[in-house]
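Undergrad: Contents are CSV, C-alpha atoms and all ligand atoms; file name input.csv:
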chain,number,residue,atom,x,y,z
H,1472,THR,CA,-39.0,-16.7,-71.2
H,1473,ARG,CA,-38.4,-17.7,-67.6
H,1474,THR,CA,-36.2,-15.6,-65.4
H,1475,SER,CA,-32.8,-17.1,-64.5
H,1476,ARG,CA,-31.9,-18.2,-61.0
H,1477,PRO,CA,-29.4,-15.3,-60.6
H,1478,GLN,CA,-32.3,-12.9,-61.6
H,1479,ARG,CA,-34.5,-14.4,-59.0
H,1480,ILE,CA,-31.7,-14.0,-56.4
H,1481,LEU,CA,-31.4,-10.3,-57.3
H,1482,LYS,CA,-35.2,-9.9,-57.0
H,1483,ALA,CA,-35.0,-11.4,-53.5
H,1484,VAL,CA,-32.3,-8.9,-52.6
H,1485,GLN,CA,-34.3,-6.0,-54.0
H,1486,THR,CA,-37.4,-7.0,-52.2
H,1487,LYS,CA,-36.0,-8.1,-48.9
H,1488,ALA,CA,-32.7,-6.3,-48.3
H,1489,THR,CA,-32.1,-2.6,-47.4
H,1490,VAL,CA,-30.0,-0.5,-49.8
H,1491,GLY,CA,-26.6,0.2,-48.2
H,1492,ASP,CA,-26.9,-2.6,-45.7
H,1493,PRO,CA,-24.6,-5.5,-46.7
H,1494,GLN,CA,-25.7,-7.8,-43.9
H,1495,SER,CA,-29.4,-7.6,-45.0
H,1496,VAL,CA,-28.2,-8.5,-48.6
H,1497,ILE,CA,-26.4,-11.6,-47.2
H,1498,THR,CA,-29.4,-12.6,-45.1
H,1499,ALA,CA,-31.8,-12.2,-48.0
H,1500,ILE,CA,-29.7,-14.4,-50.3
H,1501,ASP,CA,-29.2,-17.1,-47.6
H,1502,HIS,CA,-32.9,-17.1,-46.8
H,1503,PHE,CA,-33.9,-17.4,-50.5
H,1504,CYS,CA,-31.3,-20.2,-51.2
H,1505,ARG,CA,-32.3,-22.1,-48.1
H,1506,HIS,CA,-36.1,-21.9,-48.4
H,1507,ARG,CA,-36.8,-21.3,-52.1
H,1508,GLU,CA,-34.0,-22.3,-54.4
H,1509,TRP,CA,-30.5,-23.8,-53.8
H,1510,ALA,CA,-27.7,-21.8,-55.4
H,1511,MET,CA,-23.9,-22.1,-55.3
H,1512,ASN,CA,-23.1,-19.2,-53.0
H,1513,VAL,CA,-20.5,-20.0,-50.3
H,1514,GLY,CA,-23.4,-19.7,-47.9
H,1515,ASP,CA,-23.7,-18.8,-44.2
H,1516,GLU,CA,-21.8,-21.7,-42.6
H,1517,LYS,CA,-18.7,-21.6,-44.8
H,1518,GLY,CA,-19.3,-17.8,-45.1
H,1519,SER,CA,-18.6,-17.4,-41.3
H,1520,ILE,CA,-15.3,-19.2,-41.8
H,1521,LEU,CA,-14.5,-16.9,-44.8
H,1522,ASP,CA,-15.3,-13.9,-42.5
H,1523,SER,CA,-13.0,-15.2,-39.8
H,1524,VAL,CA,-10.1,-15.6,-42.3
H,1525,VAL,CA,-10.7,-12.1,-43.7
H,1526,ASN,CA,-10.7,-10.6,-40.2
H,1527,GLU,CA,-7.5,-12.5,-39.4
H,1528,VAL,CA,-5.7,-11.5,-42.6
H,1529,SER,CA,-7.0,-7.9,-42.6
H,1530,PRO,CA,-6.2,-7.8,-46.4
H,1531,VAL,CA,-5.6,-4.6,-48.3
H,1532,THR,CA,-5.9,-6.3,-51.7
H,1533,VAL,CA,-8.1,-9.4,-52.2
H,1534,LEU,CA,-8.6,-11.4,-55.4
H,1535,GLU,CA,-11.8,-13.4,-55.7
H,1536,LEU,CA,-12.0,-16.0,-58.6
H,1537,GLY,CA,-15.6,-16.6,-59.3
H,1538,THR,CA,-18.1,-13.9,-58.5
H,1539,TYR,CA,-21.4,-15.6,-59.4
H,1540,CYS,CA,-24.1,-13.3,-57.8
H,1541,GLY,CA,-21.7,-11.4,-55.6
H,1542,TYR,CA,-22.6,-13.0,-52.3
H,1543,SER,CA,-19.1,-13.7,-51.2
H,1544,THR,CA,-17.9,-10.5,-52.7
H,1545,VAL,CA,-20.3,-8.6,-50.4
H,1546,ARG,CA,-19.2,-10.8,-47.4
H,1547,ILE,CA,-15.5,-9.9,-48.0
H,1548,ALA,CA,-16.0,-6.2,-49.0
H,1549,ARG,CA,-18.1,-5.5,-45.9
H,1550,LEU,CA,-15.2,-6.4,-43.7
H,1551,LEU,CA,-12.6,-4.3,-45.5
H,1552,PRO,CA,-11.3,-1.0,-44.1
H,1553,PRO,CA,-11.3,2.2,-46.2
H,1554,GLY,CA,-8.6,1.9,-49.0
H,1555,ALA,CA,-8.8,-1.9,-49.2
H,1556,CYS,CA,-10.5,-3.5,-52.2
H,1557,VAL,CA,-11.5,-6.8,-53.7
H,1558,ILE,CA,-10.9,-7.6,-57.4
H,1559,THR,CA,-13.4,-10.2,-58.4
H,1560,LEU,CA,-13.2,-12.1,-61.7
H,1561,GLU,CA,-16.3,-13.6,-63.4
H,1562,PHE,CA,-16.3,-15.5,-66.7
H,1563,ASN,CA,-20.1,-15.5,-67.2
H,1564,PRO,CA,-21.5,-12.1,-68.3
H,1565,ASP,CA,-25.0,-12.9,-67.1
H,1566,TYR,CA,-23.6,-13.7,-63.6
H,1567,ALA,CA,-21.5,-10.5,-63.7
H,1568,ALA,CA,-24.5,-8.3,-64.6
H,1569,ILE,CA,-26.4,-9.6,-61.6
H,1570,ALA,CA,-23.4,-9.4,-59.3
H,1571,ARG,CA,-22.9,-5.7,-60.2
H,1572,GLN,CA,-26.5,-5.0,-59.1
H,1573,VAL,CA,-26.2,-7.0,-55.8
H,1574,ILE,CA,-22.9,-5.3,-55.0
H,1575,LYS,CA,-24.5,-1.9,-55.7
H,1576,TRP,CA,-27.5,-2.7,-53.5
H,1577,SER,CA,-25.1,-3.5,-50.7
H,1578,GLY,CA,-23.5,0.0,-51.1
H,1579,LEU,CA,-20.0,-1.6,-51.4
H,1580,GLU,CA,-19.2,-0.7,-55.0
H,1581,ASP,CA,-16.3,1.6,-54.0
H,1582,LYS,CA,-14.5,-1.4,-52.5
H,1583,VAL,CA,-15.1,-3.8,-55.4
H,1584,GLN,CA,-13.6,-4.1,-58.9
H,1585,LEU,CA,-15.6,-6.6,-60.9
H,1586,VAL,CA,-13.7,-7.9,-64.0
H,1587,GLU,CA,-15.4,-10.0,-66.7
H,1588,GLY,CA,-13.3,-12.6,-68.4
H,1589,ALA,CA,-11.3,-15.7,-68.0
H,1590,SER,CA,-8.9,-15.9,-65.0
H,1591,GLY,CA,-6.1,-17.3,-67.2
H,1592,ASP,CA,-6.3,-14.3,-69.5
H,1593,TRP,CA,-6.6,-11.7,-66.7
H,1594,ILE,CA,-4.1,-12.9,-64.1
H,1595,PRO,CA,-1.0,-12.0,-66.2
H,1596,TRP,CA,-2.3,-8.4,-66.5
H,1597,MET,CA,-3.2,-7.8,-62.9
H,1598,LYS,CA,0.0,-6.0,-61.9
H,1599,GLU,CA,0.0,-3.6,-64.9
H,1600,HIS,CA,-3.8,-3.0,-65.1
H,1601,PHE,CA,-4.6,-2.7,-61.4
H,1602,GLY,CA,-1.3,-1.6,-60.0
H,1603,VAL,CA,-1.4,-4.7,-57.7
H,1604,GLN,CA,2.0,-5.7,-56.2
H,1605,ALA,CA,0.8,-8.9,-54.6
H,1606,PHE,CA,-2.5,-10.2,-53.2
H,1607,ASP,CA,-2.9,-10.5,-49.4
H,1608,LEU,CA,-5.8,-12.9,-49.8
H,1609,VAL,CA,-7.1,-15.0,-52.8
H,1610,PHE,CA,-10.6,-16.6,-52.5
H,1611,LEU,CA,-10.9,-19.5,-55.1
H,1612,ASP,CA,-14.4,-20.3,-56.0
H,1613,HIS,CA,-14.5,-20.6,-59.8
H,1614,TRP,CA,-14.2,-23.7,-62.0
H,1615,LYS,CA,-12.7,-26.3,-59.8
H,1616,GLU,CA,-10.3,-27.6,-62.5
H,1617,ARG,CA,-8.9,-24.0,-62.7
H,1618,TYR,CA,-7.8,-23.8,-59.0
H,1619,LEU,CA,-4.4,-25.4,-59.6
H,1620,PRO,CA,-3.4,-23.9,-62.9
H,1621,ASP,CA,-4.5,-20.4,-61.7
H,1622,THR,CA,-2.5,-20.8,-58.5
H,1623,LYS,CA,0.6,-21.7,-60.5
H,1624,LEU,CA,-0.1,-18.8,-62.8
H,1625,LEU,CA,-0.4,-16.4,-59.8
H,1626,GLU,CA,2.9,-17.7,-58.5
H,1627,GLU,CA,4.6,-17.2,-61.8
H,1628,CYS,CA,3.3,-13.7,-62.1
H,1629,GLY,CA,4.6,-12.8,-58.7
H,1630,LEU,CA,1.1,-12.1,-57.3
H,1631,ILE,CA,1.5,-14.6,-54.5
H,1632,GLN,CA,4.3,-13.5,-52.0
H,1633,LYS,CA,5.4,-14.6,-48.5
H,1634,GLY,CA,2.3,-14.4,-46.3
H,1635,THR,CA,-0.3,-14.5,-49.0
H,1636,VAL,CA,-3.3,-16.5,-47.9
H,1637,LEU,CA,-5.2,-18.8,-50.4
H,1638,LEU,CA,-8.7,-19.8,-49.3
H,1639,ALA,CA,-10.4,-22.4,-51.5
H,1640,ASP,CA,-14.1,-23.2,-51.5
H,1641,ASN,CA,-15.5,-26.7,-52.4
H,1642,VAL,CA,-12.3,-28.7,-51.8
H,1643,ILE,CA,-14.6,-31.7,-51.0
H,1644,CYS,CA,-17.8,-31.0,-53.0
H,1645,PRO,CA,-17.5,-30.8,-56.0
H,1646,GLY,CA,-13.8,-31.3,-55.0
H,1647,THR,CA,-10.5,-30.1,-56.2
H,1648,PRO,CA,-8.2,-33.1,-55.7
H,1649,ASP,CA,-5.2,-31.9,-57.7
H,1650,TYR,CA,-5.2,-28.5,-56.0
H,1651,LEU,CA,-5.5,-30.1,-52.5
H,1652,GLU,CA,-2.6,-32.5,-53.2
H,1653,TYR,CA,-0.5,-29.6,-54.5
H,1654,VAL,CA,-1.0,-27.2,-51.5
H,1655,ARG,CA,-0.8,-29.9,-48.9
H,1656,ASN,CA,2.4,-31.5,-50.2
H,1657,SER,CA,4.3,-28.3,-51.3
H,1658,PRO,CA,7.0,-27.1,-48.9
H,1659,HIS,CA,6.1,-23.6,-49.9
H,1660,TYR,CA,2.6,-23.7,-48.3
H,1661,ASN,CA,1.3,-24.2,-44.8
H,1662,SER,CA,-2.2,-25.7,-45.4
H,1663,GLN,CA,-5.2,-26.4,-43.1
H,1664,TYR,CA,-8.7,-27.8,-43.7
H,1665,TYR,CA,-11.8,-26.1,-42.3
H,1666,ARG,CA,-14.5,-28.8,-42.2
H,1667,SER,CA,-18.0,-27.6,-43.0
H,1668,HIS,CA,-20.9,-28.4,-45.2
H,1669,LEU,CA,-22.0,-27.7,-48.8
H,1670,GLU,CA,-24.0,-24.5,-48.8
H,1671,TYR,CA,-27.5,-25.0,-47.5
H,1672,THR,CA,-27.1,-28.8,-47.2
H,1673,LYS,CA,-25.9,-31.5,-44.9
H,1674,ALA,CA,-23.3,-32.8,-47.4
H,1675,GLU,CA,-19.7,-32.5,-46.3
H,1676,ASP,CA,-17.6,-29.7,-47.8
H,1677,GLY,CA,-14.9,-27.5,-46.5
H,1678,LEU,CA,-12.5,-24.7,-47.1
H,1679,GLU,CA,-8.7,-25.1,-47.4
H,1680,LYS,CA,-6.6,-22.2,-46.1
H,1681,SER,CA,-3.0,-22.2,-47.5
H,1682,VAL,CA,-0.4,-19.6,-46.4
H,1683,PHE,CA,2.5,-19.1,-48.8
H,1684,LEU,CA,5.8,-19.4,-46.9
H,1685,GLY,CA,8.0,-17.8,-49.6
H,1686,TYR,CA,10.6,-19.5,-51.8
G,1,LIG,O1,-19.0,-24.7,-59.9
G,1,LIG,C1,-19.0,-24.0,-58.9
G,1,LIG,N1,-18.5,-22.7,-59.0
G,1,LIG,C2,-18.0,-22.2,-60.2
G,1,LIG,C3,-19.1,-21.6,-61.1
G,1,LIG,C4,-18.7,-21.2,-62.5
G,1,LIG,C5,-17.5,-20.2,-62.4
G,1,LIG,C6,-17.3,-19.5,-63.7
G,1,LIG,N2,-16.0,-18.8,-63.6
G,1,LIG,C7,-15.8,-17.7,-62.9
G,1,LIG,C8,-14.5,-17.3,-63.1
G,1,LIG,N3,-13.9,-18.2,-63.9
G,1,LIG,C9,-14.9,-19.1,-64.3
G,1,LIG,C10,-19.6,-24.5,-57.7
G,1,LIG,C11,-20.4,-25.7,-57.7
G,1,LIG,C12,-21.0,-26.2,-56.6
G,1,LIG,C13,-21.9,-27.4,-56.6
G,1,LIG,C14,-21.9,-28.3,-55.6
G,1,LIG,C15,-22.7,-29.4,-55.6
G,1,LIG,C16,-23.5,-29.6,-56.7
G,1,LIG,F1,-24.3,-30.7,-56.8
G,1,LIG,C17,-23.5,-28.7,-57.8
G,1,LIG,C18,-22.7,-27.6,-57.7
G,1,LIG,C19,-20.9,-25.5,-55.3
G,1,LIG,C20,-20.0,-24.4,-55.3
G,1,LIG,O2,-19.9,-23.7,-54.1
G,1,LIG,C21,-19.4,-23.9,-56.4
G,1,LIG,O3,-18.6,-22.8,-56.3
G,2,MG,MG,-18.2,-22.4,-54.2
For the structure just supplied, provide its representation as structure tokens.
Ligand SMILES: O=C(NCCCCCn1ccnc1)c1cc(-c2ccc(F)cc2)cc(O)c1O
Ligand SMILES: [Mg+2]
TA:
Amino acid sequence: TRTSRPQRILKAVQTKATVGDPQSVITAIDHFCRHREWAMNVGDEKGSILDSVVNEVSPVTVLELGTYCGYSTVRIARLLPPGACVITLEFNPDYAAIARQVIKWSGLEDKVQLVEGASGDWIPWMKEHFGVQAFDLVFLDHWKERYLPDTKLLEECGLIQKGTVLLADNVICPGTPDYLEYVRNSPHYNSQYYRSHLEYTKAEDGLEKSVFLGY
């Protein structure tokens, strides 16, 4: 049967990118998704904003919700100093299998923990299983209706502490209205919108950065 889009993205990486060179992996995926087939990676324009937030936060522990093919995982991990890591959660086993290979090709596997399963099931176990105290940065890029419940769950589990930065993709397209309303109106978050475009298109989209101020 036909290959899947993630399989075709992996093939583009394996034919166009250099093993151990994360930037070439990013460039190969962006070129494929701009000129061959659109795919739901955060992309180069919003990816540059992601890069600037990672550099500003200099996180030691990052949680990414929604791995897909590992594009944003590679973007984040390539900026992390030794000893820092990103835990990335993917529900779809086919996506996870491709992402593992993309991350391996980039040479960043030592900075990445890819976990397969539902965010709602895994978040309560993060402290115990990964020895995480609190996350410095959370990148939300999974099911859009899970952004708000998972943020509340992270708060309840003590995984969001004073200074934790939440960065949410797709707050305009497809949109996360209940999440936006929550972080923009809560006295416990300082929120700001980074206007951009839906990956590889001219449609409006953007990232919302929300800093937890403590209780
Ligand atoms: O749905 C998205 N991502 C979640 C994928 C499934 C996550 C599974 N999972 C992982 C962990 N827990 C659950 C998404 C969609 C679009 C989009 C935009 C316009 C359009 F016309 C079609 C699609 C753009 C994105 O940038 C996205 O991120
Ligand atoms: Mg997205």
Undergrad: Pick out the residues no farther than 8 Å from ligand LIG 1 (chain G), counting all atoms listed in the file, and list them as a list in words.
TA: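 The residues within 8 Å of ligand LIG 1 (chain G), counting all atoms listed in the file, are Ala1510, Met1511, Asn1512, Val1513, Leu1536, Gly1537, Thr1538, Tyr1539, Leu1560, Glu1561, Phe1562, Asn1563, Gly1588, Ala1589, Ser1590, Asp1612, His1613, Trp1614, Lys1615, Arg1617, Asp1640, Asn1641, Cys1644, Pro1645, Leu1669 and Glu1670 of chain H.
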Undergrad: When you count all atoms listed in the file, which of these residues is closest to Arg1655 (chain H): H:Thr1544, H:Ser1681, H:Thr1474, H:Gln1485?
TA: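 Using all atoms listed in the file, the shortest distance to Arg1655 (chain H) belongs to H:Ser1681.
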Undergrad: Mind giving me the straight-line distance from CA of Cys1556 (chain H) to CA of Val1642 (chain H) in Å, one decimal?
TA: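 Taking CA of Cys1556 (chain H) as the start and CA of Val1642 (chain H) as the end point, the length is 25.3 Å.
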Undergrad: What lies within 9 Å of Asn1661 (chain H) using only C-alpha atoms, ignoring chain neighbours under 2 positions off, as number ranges by chain?
TA: H: 1654-1655, 1657-1659, 1663, 1680-1684
Undergrad: For the residues in the current selection, export C-alpha atoms as a tab-separated table (two decimals), keeping the file's coordinate frame.
TA:
chain	number	residue	atom	x	y	z
H	1654	VAL	CA	-1.00	-27.20	-51.50
H	1655	ARG	CA	-0.80	-29.90	-48.90
H	1657	SER	CA	4.30	-28.30	-51.30
H	1658	PRO	CA	7.00	-27.10	-48.90
H	1659	HIS	CA	6.10	-23.60	-49.90
H	1663	GLN	CA	-5.20	-26.40	-43.10
H	1680	LYS	CA	-6.60	-22.20	-46.10
H	1681	SER	CA	-3.00	-22.20	-47.50
H	1682	VAL	CA	-0.40	-19.60	-46.40
H	1683	PHE	CA	2.50	-19.10	-48.80
H	1684	LEU	CA	5.80	-19.40	-46.90
Undergrad: Calculated over only C-alpha atoms and all ligand atoms, which of the candidates H:Pro1477, H:Pro1553, H:Gly1514, H:Gly1591 has the smallest distance to ligand MG 2 (chain G)?
TA: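 The shortest atom-to-atom distance to ligand MG 2 (chain G) comes from H:Gly1514.
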Undergrad: With C-alpha atoms as the atom set, please write region 1554-1685 of chain H from the structure just given, as an mmCIF file, in the first residue's frame.
TA:
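This is the output file result-v9.cif:
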data_model
loop_
_atom_site.group_PDB
_atom_site.id
_atom_site.type_symbol
_atom_site.label_atom_id
_atom_site.label_comp_id
_atom_site.auth_asym_id
_atom_site.auth_seq_id
_atom_site.Cartn_x
_atom_site.Cartn_y
_atom_site.Cartn_z
ATOM 1 C CA GLY H 1554 22.555 17.921 30.539
ATOM 2 C CA ALA H 1555 19.325 19.537 29.350
ATOM 3 C CA CYS H 1556 16.603 17.410 27.731
ATOM 4 C CA VAL H 1557 13.227 17.464 26.084
ATOM 5 C CA ILE H 1558 10.530 14.938 26.989
ATOM 6 C CA THR H 1559 8.172 14.658 24.036
ATOM 7 C CA LEU H 1560 4.785 12.931 24.163
ATOM 8 C CA GLU H 1561 3.150 11.379 21.090
ATOM 9 C CA PHE H 1562 -0.185 9.533 21.090
ATOM 10 C CA ASN H 1563 0.079 8.094 17.570
ATOM 11 C CA PRO H 1564 2.511 5.123 17.415
ATOM 12 C CA ASP H 1565 3.118 5.554 13.665
ATOM 13 C CA TYR H 1566 4.138 9.198 14.181
ATOM 14 C CA ALA H 1567 6.335 8.147 17.143
ATOM 15 C CA ALA H 1568 8.133 5.509 15.061
ATOM 16 C CA ILE H 1569 9.001 8.070 12.372
ATOM 17 C CA ALA H 1570 9.978 10.721 14.933
ATOM 18 C CA ARG H 1571 12.463 8.353 16.611
ATOM 19 C CA GLN H 1572 14.235 7.904 13.270
ATOM 20 C CA VAL H 1573 14.235 11.641 12.463
ATOM 21 C CA ILE H 1574 15.630 12.445 15.927
ATOM 22 C CA LYS H 1575 18.282 9.721 15.535
ATOM 23 C CA TRP H 1576 19.280 11.070 12.094
ATOM 24 C CA SER H 1577 19.786 14.496 13.654
ATOM 25 C CA GLY H 1578 22.132 12.972 16.281
ATOM 26 C CA LEU H 1579 20.154 14.425 19.194
ATOM 27 C CA GLU H 1580 18.796 11.196 20.725
ATOM 28 C CA ASP H 1581 20.756 11.791 23.955
ATOM 29 C CA LYS H 1582 18.787 14.997 24.578
ATOM 30 C CA VAL H 1583 15.350 13.547 23.808
ATOM 31 C CA GLN H 1584 12.975 11.207 25.677
ATOM 32 C CA LEU H 1585 10.120 10.238 23.365
ATOM 33 C CA VAL H 1586 7.138 8.811 25.247
ATOM 34 C CA GLU H 1587 4.222 7.106 23.495
ATOM 35 C CA GLY H 1588 0.804 7.538 25.021
ATOM 36 C CA ALA H 1589 -1.915 9.979 26.012
ATOM 37 C CA SER H 1590 -0.819 13.215 27.711
ATOM 38 C CA GLY H 1591 -3.617 12.915 30.272
ATOM 39 C CA ASP H 1592 -2.340 9.482 31.323
ATOM 40 C CA TRP H 1593 1.362 10.393 31.403
ATOM 41 C CA ILE H 1594 1.425 13.845 33.024
ATOM 42 C CA PRO H 1595 0.538 12.533 36.531
ATOM 43 C CA TRP H 1596 3.523 10.148 36.338
ATOM 44 C CA MET H 1597 6.150 12.633 35.042
ATOM 45 C CA LYS H 1598 7.665 13.465 38.461
ATOM 46 C CA GLU H 1599 7.964 9.845 39.577
ATOM 47 C CA HIS H 1600 8.973 8.334 36.229
ATOM 48 C CA PHE H 1601 11.389 10.987 34.931
ATOM 49 C CA GLY H 1602 12.473 12.601 38.199
ATOM 50 C CA VAL H 1603 11.217 15.937 36.901
ATOM 51 C CA GLN H 1604 10.695 18.625 39.554
ATOM 52 C CA ALA H 1605 9.038 21.211 37.271
ATOM 53 C CA PHE H 1606 9.270 22.046 33.564
ATOM 54 C CA ASP H 1607 11.095 25.205 32.497
ATOM 55 C CA LEU H 1608 9.357 25.218 29.119
ATOM 56 C CA VAL H 1609 6.239 23.442 27.786
ATOM 57 C CA PHE H 1610 5.583 23.460 24.020
ATOM 58 C CA LEU H 1611 1.926 22.639 23.325
ATOM 59 C CA ASP H 1612 1.338 21.275 19.843
ATOM 60 C CA HIS H 1613 -0.984 18.293 20.264
ATOM 61 C CA TRP H 1614 -4.795 17.977 20.041
ATOM 62 C CA LYS H 1615 -6.028 21.546 20.338
ATOM 63 C CA GLU H 1616 -8.874 20.626 22.710
ATOM 64 C CA ARG H 1617 -6.297 19.114 25.098
ATOM 65 C CA TYR H 1618 -4.298 22.331 25.593
ATOM 66 C CA LEU H 1619 -6.498 23.615 28.435
ATOM 67 C CA PRO H 1620 -7.180 20.360 30.334
ATOM 68 C CA ASP H 1621 -3.509 19.380 30.127
ATOM 69 C CA THR H 1622 -2.379 22.820 31.352
ATOM 70 C CA LYS H 1623 -4.704 22.472 34.357
ATOM 71 C CA LEU H 1624 -3.387 18.937 34.944
ATOM 72 C CA LEU H 1625 0.234 20.167 34.789
ATOM 73 C CA GLU H 1626 -0.658 22.849 37.391
ATOM 74 C CA GLU H 1627 -2.366 20.291 39.666
ATOM 75 C CA CYS H 1628 0.651 17.964 39.428
ATOM 76 C CA GLY H 1629 3.031 20.770 40.424
ATOM 77 C CA LEU H 1630 4.872 20.521 37.088
ATOM 78 C CA ILE H 1631 4.318 24.225 36.359
ATOM 79 C CA GLN H 1632 6.080 26.509 38.850
ATOM 80 C CA LYS H 1633 6.904 30.244 39.064
ATOM 81 C CA GLY H 1634 8.747 31.148 35.858
ATOM 82 C CA THR H 1635 7.625 28.149 33.789
ATOM 83 C CA VAL H 1636 6.973 29.254 30.203
ATOM 84 C CA LEU H 1637 4.124 27.751 28.165
ATOM 85 C CA LEU H 1638 4.442 28.178 24.385
ATOM 86 C CA ALA H 1639 1.362 27.116 22.421
ATOM 87 C CA ASP H 1640 1.234 26.523 18.661
ATOM 88 C CA ASN H 1641 -1.892 27.045 16.514
ATOM 89 C CA VAL H 1642 -3.746 29.411 18.805
ATOM 90 C CA ILE H 1643 -5.447 30.910 15.691
ATOM 91 C CA CYS H 1644 -5.397 28.026 13.179
ATOM 92 C CA PRO H 1645 -6.865 25.506 13.967
ATOM 93 C CA GLY H 1646 -7.380 27.591 17.128
ATOM 94 C CA THR H 1647 -7.509 26.970 20.859
ATOM 95 C CA PRO H 1648 -10.126 29.483 22.087
ATOM 96 C CA ASP H 1649 -10.739 28.072 25.579
ATOM 97 C CA TYR H 1650 -6.967 27.831 26.256
ATOM 98 C CA LEU H 1651 -6.361 31.405 25.024
ATOM 99 C CA GLU H 1652 -9.186 32.782 27.175
ATOM 100 C CA TYR H 1653 -7.758 30.968 30.218
ATOM 101 C CA VAL H 1654 -4.126 32.083 29.969
ATOM 102 C CA ARG H 1655 -5.029 35.648 28.894
ATOM 103 C CA ASN H 1656 -7.506 36.191 31.752
ATOM 104 C CA SER H 1657 -5.744 34.306 34.539
ATOM 105 C CA PRO H 1658 -3.942 36.487 37.131
ATOM 106 C CA HIS H 1659 -1.378 33.676 37.383
ATOM 107 C CA TYR H 1660 -0.075 34.049 33.798
ATOM 108 C CA ASN H 1661 1.564 36.846 31.854
ATOM 109 C CA SER H 1662 0.603 36.075 28.261
ATOM 110 C CA GLN H 1663 1.708 37.471 24.907
ATOM 111 C CA TYR H 1664 0.817 36.656 21.312
ATOM 112 C CA TYR H 1665 3.446 36.224 18.566
ATOM 113 C CA ARG H 1666 1.652 36.794 15.275
ATOM 114 C CA SER H 1667 2.842 34.580 12.425
ATOM 115 C CA HIS H 1668 1.430 32.275 9.747
ATOM 116 C CA LEU H 1669 0.230 28.704 9.517
ATOM 117 C CA GLU H 1670 3.247 26.628 8.530
ATOM 118 C CA TYR H 1671 4.127 26.901 4.811
ATOM 119 C CA THR H 1672 1.048 29.077 4.065
ATOM 120 C CA LYS H 1673 -0.152 32.700 4.065
ATOM 121 C CA ALA H 1674 -2.976 31.987 6.541
ATOM 122 C CA GLU H 1675 -2.735 33.726 9.895
ATOM 123 C CA ASP H 1676 -1.614 31.706 12.896
ATOM 124 C CA GLY H 1677 0.548 32.435 15.901
ATOM 125 C CA LEU H 1678 2.146 31.279 19.106
ATOM 126 C CA GLU H 1679 1.022 32.307 22.594
ATOM 127 C CA LYS H 1680 3.757 32.587 25.222
ATOM 128 C CA SER H 1681 2.491 32.464 28.819
ATOM 129 C CA VAL H 1682 4.761 32.833 31.855
ATOM 130 C CA PHE H 1683 3.473 31.367 35.121
ATOM 131 C CA LEU H 1684 3.719 34.009 37.869
ATOM 132 C CA GLY H 1685 3.225 31.644 40.806
#
